[in-house]
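**Student:** Handing you this structure, nothing more for now.
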Amino acid sequence: MTDDSAPIELSLPELRDVAGYAVACARPALVIFERERPDDRRPRAAIEAAEAFAAGAERTKAIRDSAWAAQRAAHAARDAGLVAAHDAARAALAAAGAAFLHPLAKATQVKHILGPAAHAARAFELDAGDDPAVGADHIARAQALASPVVVEVLGRYPAAPAGGGRVGELVRRLDESLR
């Protein structure tokens, strides 16, 4: 296991690859959020900001702001009892957060890489009546989407941390499948 105080080398092109992966994993869940909250564009804006960064745009405060806005959208969905939409918005939040992966060997940073896929998988599970097979299918797709660069960057970090409920379980399942 890596010392959690040790810095990790992380290049800008690698960060862009991680962000692109996060977008690819989170974007499919937008349909769930937008079906339930069609007038709320905040999760889409977060994904689009992360996508722009992955494509070469600067990493700016606008990405962070869009992530916070997606978090507010997630809370609004949760407060309205829209649990699948909540996790779909959390996937978008996590995708924007991937642009800010920290170069520190901390297990919690694994969630910046794999959280978008796990939250999207959970959104799909909940949308299908809490069917774990649906989440497993999304995790399998996320595994297939991971480029060698994403897998190599992931390998620099310790294994995903314990806890986190069902989303944490999905993060660990994906983490184990990619190592």
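In the structure tokens, chains take the letters A, B, ... in the order shown, each chain's residues start at 1, and ligands count up from 1 in the order shown.
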Env of stretch 139-144 of chain A: 10 Å cut, atoms = only C-alpha atoms, seq-sep filter 2 positions within chain, self excluded. Answer as a PyMOL selection string.
**Tutor:** chain A and resi 21-22+24-26+114+116-118+120-122+133-137+146-147+151+170-171+173-175+177-178
**Student:** Limited to N, CA and C atoms, could you put the picked residues into a file as a PDB file, in the first residue's frame?
**Tutor:**
ATOM      1  N   TYR A  21     -12.957   9.750 -18.801  1.00  0.00           N
ATOM      2  CA  TYR A  21     -13.538   8.494 -18.322  1.00  0.00           C
ATOM      3  C   TYR A  21     -14.726   8.772 -17.399  1.00  0.00           C
ATOM      4  N   ALA A  22     -14.547   9.724 -16.496  1.00  0.00           N
ATOM      5  CA  ALA A  22     -15.620  10.069 -15.566  1.00  0.00           C
ATOM      6  C   ALA A  22     -16.866  10.543 -16.311  1.00  0.00           C
ATOM      7  N   ALA A  24     -17.698   9.783 -19.438  1.00  0.00           N
ATOM      8  CA  ALA A  24     -18.280   8.645 -20.155  1.00  0.00           C
ATOM      9  C   ALA A  24     -19.099   7.757 -19.224  1.00  0.00           C
ATOM     10  N   CYS A  25     -18.681   7.652 -17.978  1.00  0.00           N
ATOM     11  CA  CYS A  25     -19.412   6.826 -17.008  1.00  0.00           C
ATOM     12  C   CYS A  25     -20.662   7.522 -16.467  1.00  0.00           C
ATOM     13  N   ALA A  26     -20.591   8.833 -16.297  1.00  0.00           N
ATOM     14  CA  ALA A  26     -21.701   9.575 -15.676  1.00  0.00           C
ATOM     15  C   ALA A  26     -22.779   9.979 -16.668  1.00  0.00           C
ATOM     16  N   LEU A 114     -13.531   6.722  -9.743  1.00  0.00           N
ATOM     17  CA  LEU A 114     -14.574   5.712  -9.948  1.00  0.00           C
ATOM     18  C   LEU A 114     -15.961   6.114  -9.441  1.00  0.00           C
ATOM     19  N   PRO A 116     -17.994   8.565 -10.376  1.00  0.00           N
ATOM     20  CA  PRO A 116     -19.007   8.813 -11.404  1.00  0.00           C
ATOM     21  C   PRO A 116     -19.680   7.523 -11.882  1.00  0.00           C
ATOM     22  N   ALA A 117     -18.898   6.486 -12.071  1.00  0.00           N
ATOM     23  CA  ALA A 117     -19.454   5.201 -12.516  1.00  0.00           C
ATOM     24  C   ALA A 117     -20.336   4.590 -11.429  1.00  0.00           C
ATOM     25  N   ALA A 118     -19.887   4.658 -10.181  1.00  0.00           N
ATOM     26  CA  ALA A 118     -20.642   4.055  -9.084  1.00  0.00           C
ATOM     27  C   ALA A 118     -21.966   4.773  -8.856  1.00  0.00           C
ATOM     28  N   ALA A 120     -23.628   6.553 -11.070  1.00  0.00           N
ATOM     29  CA  ALA A 120     -24.483   6.265 -12.227  1.00  0.00           C
ATOM     30  C   ALA A 120     -25.082   4.866 -12.102  1.00  0.00           C
ATOM     31  N   ALA A 121     -24.257   3.898 -11.703  1.00  0.00           N
ATOM     32  CA  ALA A 121     -24.752   2.527 -11.530  1.00  0.00           C
ATOM     33  C   ALA A 121     -25.861   2.483 -10.484  1.00  0.00           C
ATOM     34  N   ARG A 122     -25.663   3.219  -9.402  1.00  0.00           N
ATOM     35  CA  ARG A 122     -26.690   3.245  -8.355  1.00  0.00           C
ATOM     36  C   ARG A 122     -27.970   3.903  -8.860  1.00  0.00           C
ATOM     37  N   ALA A 133     -28.583  -6.146 -10.317  1.00  0.00           N
ATOM     38  CA  ALA A 133     -28.068  -6.636 -11.605  1.00  0.00           C
ATOM     39  C   ALA A 133     -27.899  -5.492 -12.599  1.00  0.00           C
ATOM     40  N   VAL A 134     -28.776  -4.506 -12.514  1.00  0.00           N
ATOM     41  CA  VAL A 134     -28.685  -3.340 -13.402  1.00  0.00           C
ATOM     42  C   VAL A 134     -27.425  -2.540 -13.069  1.00  0.00           C
ATOM     43  N   GLY A 135     -27.142  -2.371 -11.784  1.00  0.00           N
ATOM     44  CA  GLY A 135     -25.916  -1.686 -11.376  1.00  0.00           C
ATOM     45  C   GLY A 135     -24.681  -2.445 -11.799  1.00  0.00           C
ATOM     46  N   ALA A 136     -24.728  -3.763 -11.658  1.00  0.00           N
ATOM     47  CA  ALA A 136     -23.589  -4.587 -12.074  1.00  0.00           C
ATOM     48  C   ALA A 136     -23.324  -4.444 -13.567  1.00  0.00           C
ATOM     49  N   ASP A 137     -24.384  -4.326 -14.354  1.00  0.00           N
ATOM     50  CA  ASP A 137     -24.217  -4.122 -15.794  1.00  0.00           C
ATOM     51  C   ASP A 137     -23.508  -2.803 -16.084  1.00  0.00           C
ATOM     52  N   ALA A 146     -12.617   1.912 -19.266  1.00  0.00           N
ATOM     53  CA  ALA A 146     -11.369   2.373 -18.655  1.00  0.00           C
ATOM     54  C   ALA A 146     -10.192   2.148 -19.596  1.00  0.00           C
ATOM     55  N   SER A 147      -9.552   3.234 -19.963  1.00  0.00           N
ATOM     56  CA  SER A 147      -8.376   3.154 -20.831  1.00  0.00           C
ATOM     57  C   SER A 147      -7.182   2.656 -20.020  1.00  0.00           C
ATOM     58  N   VAL A 151      -6.447   3.082 -15.891  1.00  0.00           N
ATOM     59  CA  VAL A 151      -6.084   1.931 -15.055  1.00  0.00           C
ATOM     60  C   VAL A 151      -4.723   2.166 -14.400  1.00  0.00           C
ATOM     61  N   LEU A 170     -20.088  -0.368  -4.869  1.00  0.00           N
ATOM     62  CA  LEU A 170     -19.902  -0.340  -6.325  1.00  0.00           C
ATOM     63  C   LEU A 170     -18.531   0.217  -6.702  1.00  0.00           C
ATOM     64  N   VAL A 171     -18.066   1.225  -5.966  1.00  0.00           N
ATOM     65  CA  VAL A 171     -16.708   1.749  -6.198  1.00  0.00           C
ATOM     66  C   VAL A 171     -15.693   0.638  -5.984  1.00  0.00           C
ATOM     67  N   ARG A 173     -16.111  -2.617  -6.068  1.00  0.00           N
ATOM     68  CA  ARG A 173     -16.250  -3.665  -7.087  1.00  0.00           C
ATOM     69  C   ARG A 173     -15.521  -3.250  -8.371  1.00  0.00           C
ATOM     70  N   LEU A 174     -15.720  -2.012  -8.803  1.00  0.00           N
ATOM     71  CA  LEU A 174     -15.060  -1.530 -10.002  1.00  0.00           C
ATOM     72  C   LEU A 174     -13.556  -1.426  -9.783  1.00  0.00           C
ATOM     73  N   ASP A 175     -13.150  -0.931  -8.634  1.00  0.00           N
ATOM     74  CA  ASP A 175     -11.719  -0.813  -8.300  1.00  0.00           C
ATOM     75  C   ASP A 175     -11.046  -2.179  -8.400  1.00  0.00           C
ATOM     76  N   SER A 177     -11.981  -4.789 -10.018  1.00  0.00           N
ATOM     77  CA  SER A 177     -11.991  -5.324 -11.390  1.00  0.00           C
ATOM     78  C   SER A 177     -10.949  -4.687 -12.286  1.00  0.00           C
ATOM     79  N   LEU A 178     -10.522  -3.480 -11.942  1.00  0.00           N
ATOM     80  CA  LEU A 178      -9.554  -2.772 -12.781  1.00  0.00           C
ATOM     81  C   LEU A 178      -8.105  -2.975 -12.349  1.00  0.00           C
TER      82      LEU A 178
END
**Student:** Fewer than 2 positions away in the same chain doesn't count, so skip those; otherwise give me all residues within 10 Å of A:Ala99, counting only C-alpha atoms, as a ChimeraX atom specification.
**Tutor:** /A:12,14-20,22,49-51,53-54,59-60,63-64,94-97,101-102,112-113
**Student:** What does the file look like for those residues with C-alpha atoms, as a compact mmCIF listing (two decimals), in the first residue's frame?
**Tutor:**
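File part10.txt, as written:
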# COMPACT_ATOMS: atom_id res chain seq x y z
CA LEU A 12 -2.30 17.12 -17.11
CA GLU A 14 -3.57 11.91 -17.37
CA LEU A 15 -6.02 14.17 -15.53
CA ARG A 16 -7.77 14.81 -18.82
CA ASP A 17 -8.04 11.05 -19.47
CA VAL A 18 -9.48 10.49 -15.99
CA ALA A 19 -11.99 13.31 -16.51
CA GLY A 20 -12.98 11.90 -19.91
CA ALA A 22 -15.62 10.07 -15.57
CA ALA A 49 -17.61 21.37 -18.00
CA ALA A 50 -15.71 18.16 -17.24
CA GLU A 51 -15.99 17.11 -20.87
CA PHE A 53 -11.60 19.99 -19.63
CA ALA A 54 -11.04 16.45 -20.90
CA ARG A 59 -9.14 23.58 -15.43
CA THR A 60 -10.94 26.56 -13.97
CA ILE A 63 -15.72 23.41 -13.35
CA ARG A 64 -15.77 23.54 -9.57
CA ALA A 94 -18.31 13.37 -9.38
CA ALA A 95 -17.47 13.71 -13.08
CA ALA A 96 -16.72 17.40 -12.62
CA GLY A 97 -14.75 16.57 -9.48
CA LEU A 101 -8.06 14.52 -8.59
CA HIS A 102 -5.36 15.20 -5.98
CA HIS A 112 -12.72 10.86 -7.79
CA ILE A 113 -11.83 8.31 -10.46
**Student:** As an MDAnalysis selection string, please: the residues near A:Ala6 (cut-off 12 Å, only C-alpha atoms, same-chain neighbours under 6 positions excluded).
**Tutor:** chainID A and resid 102:106 156:158
**Student:** Could you take the residues named above and write them with C-alpha atoms, as a short mmCIF file (atom, residue, chain, number, x, y, z; two decimals), in the first residue's frame?
**Tutor:**
data_model
loop_
_atom_site.label_atom_id
_atom_site.label_comp_id
_atom_site.auth_asym_id
_atom_site.auth_seq_id
_atom_site.Cartn_x
_atom_site.Cartn_y
_atom_site.Cartn_z
CA HIS A 102 -5.36 15.20 -5.98
CA PRO A 103 -1.87 13.80 -6.46
CA LEU A 104 -1.81 12.32 -2.95
CA ALA A 105 -1.79 8.59 -2.27
CA LYS A 106 -5.07 8.55 -0.36
CA ARG A 156 -0.96 4.62 -8.16
CA TYR A 157 -3.55 4.99 -5.42
CA PRO A 158 -4.39 2.64 -2.56
#
**Student:** What's the 8 Å shell around A:Ala85, counting only C-alpha atoms, without same-chain residues fewer than 3 positions away, as a list in words?
**Tutor:**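 Near A:Ala85, the qualifying residues are Ile32, Phe33, Glu34, Glu36, Arg37, Ala74, Ala77, Arg78, Leu82, Ala88, Ala89 and Ala123 of chain A.
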**Student:** Atoms to include: N, CA and C atoms. Write the selected residues as a tab-separated table (two decimals), in the first residue's frame.
**Tutor:**
chain	number	residue	atom	x	y	z
A	32	ILE	N	-31.92	9.85	-16.53
A	32	ILE	CA	-32.74	9.63	-15.33
A	32	ILE	C	-33.03	10.97	-14.66
A	33	PHE	N	-31.99	11.76	-14.46
A	33	PHE	CA	-32.19	13.05	-13.81
A	33	PHE	C	-33.10	13.94	-14.64
A	34	GLU	N	-32.81	14.04	-15.92
A	34	GLU	CA	-33.55	14.97	-16.78
A	34	GLU	C	-35.00	14.54	-17.02
A	36	GLU	N	-36.82	13.27	-14.61
A	36	GLU	CA	-37.49	13.67	-13.37
A	36	GLU	C	-37.47	15.18	-13.14
A	37	ARG	N	-36.43	15.85	-13.62
A	37	ARG	CA	-36.25	17.29	-13.37
A	37	ARG	C	-35.84	17.97	-14.68
A	74	ALA	N	-28.57	17.59	-6.83
A	74	ALA	CA	-28.72	16.28	-6.20
A	74	ALA	C	-29.52	16.39	-4.90
A	77	ALA	N	-33.18	16.95	-5.66
A	77	ALA	CA	-33.82	15.71	-6.10
A	77	ALA	C	-34.08	14.80	-4.90
A	78	ARG	N	-33.09	14.66	-4.04
A	78	ARG	CA	-33.26	13.83	-2.85
A	78	ARG	C	-34.39	14.35	-1.99
A	82	LEU	N	-36.73	11.85	-5.07
A	82	LEU	CA	-36.31	11.28	-6.36
A	82	LEU	C	-34.91	10.67	-6.20
A	88	ALA	N	-28.05	10.18	-9.98
A	88	ALA	CA	-27.64	10.61	-11.33
A	88	ALA	C	-26.95	11.97	-11.25
A	89	ALA	N	-27.49	12.88	-10.43
A	89	ALA	CA	-26.84	14.19	-10.26
A	89	ALA	C	-25.52	14.05	-9.53
A	123	ALA	N	-27.82	4.96	-9.65
A	123	ALA	CA	-29.00	5.61	-10.23
A	123	ALA	C	-29.77	4.62	-11.10
**Student:** Which residues in chain A does DSSP call helix (DSSP H, G or I)? List them as number ranges by chain.
**Tutor:** A: 12-36, 42-54, 61-79, 83-100, 107-127, 132-145, 148-155, 165-178
**Student:** So which one's closest to A:Pro148, A:Pro161, A:Arg179, A:Leu126, A:Glu9? Using only C-alpha atoms, please.
**Tutor:**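 Checking each of A:Pro161, A:Arg179, A:Leu126, A:Glu9 against A:Pro148, counting only C-alpha atoms, the winner is A:Arg179.
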**Student:** What gap, in Å, lies between atom CA of A:Arg90 and atom CA of A:Pro7?
**Tutor:**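 Going from atom CA of A:Arg90 over to atom CA of A:Pro7, I get 27.3 Å.
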**Student:** Just checking: using only C-alpha atoms, which residue out of A:His75, A:Ala84, A:Pro13, A:Ala162 ends up closest to A:Asp131?
**Tutor:**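 The shortest atom-to-atom distance to A:Asp131 comes from A:Ala84.
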**Student:** Pick from A:Val149, A:Ala98, A:Ala128, A:Val31: nearest to A:Gly115, with only C-alpha atoms counted?
**Tutor:**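 Closest to A:Gly115 of all the choices is A:Ala98.
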**Student:** Would you mind telling me which residue in A:Ala80, A:Val150, A:Gly165, A:Ala67 lies nearest to A:Phe100 when using only C-alpha atoms?
**Tutor:** A:Ala67
**Student:** Identify which of the residues A:Val153, A:Ala45, A:Val167, A:Leu10 lies closest to A:His119, counting only C-alpha atoms when measuring atom-to-atom distances.
**Tutor:** A:Val167
**Student:** Calculate how many Å separate atom CA of A:Ala159 from atom CA of A:Val23, rounding to one decimal.
**Tutor:** 21.6 Å
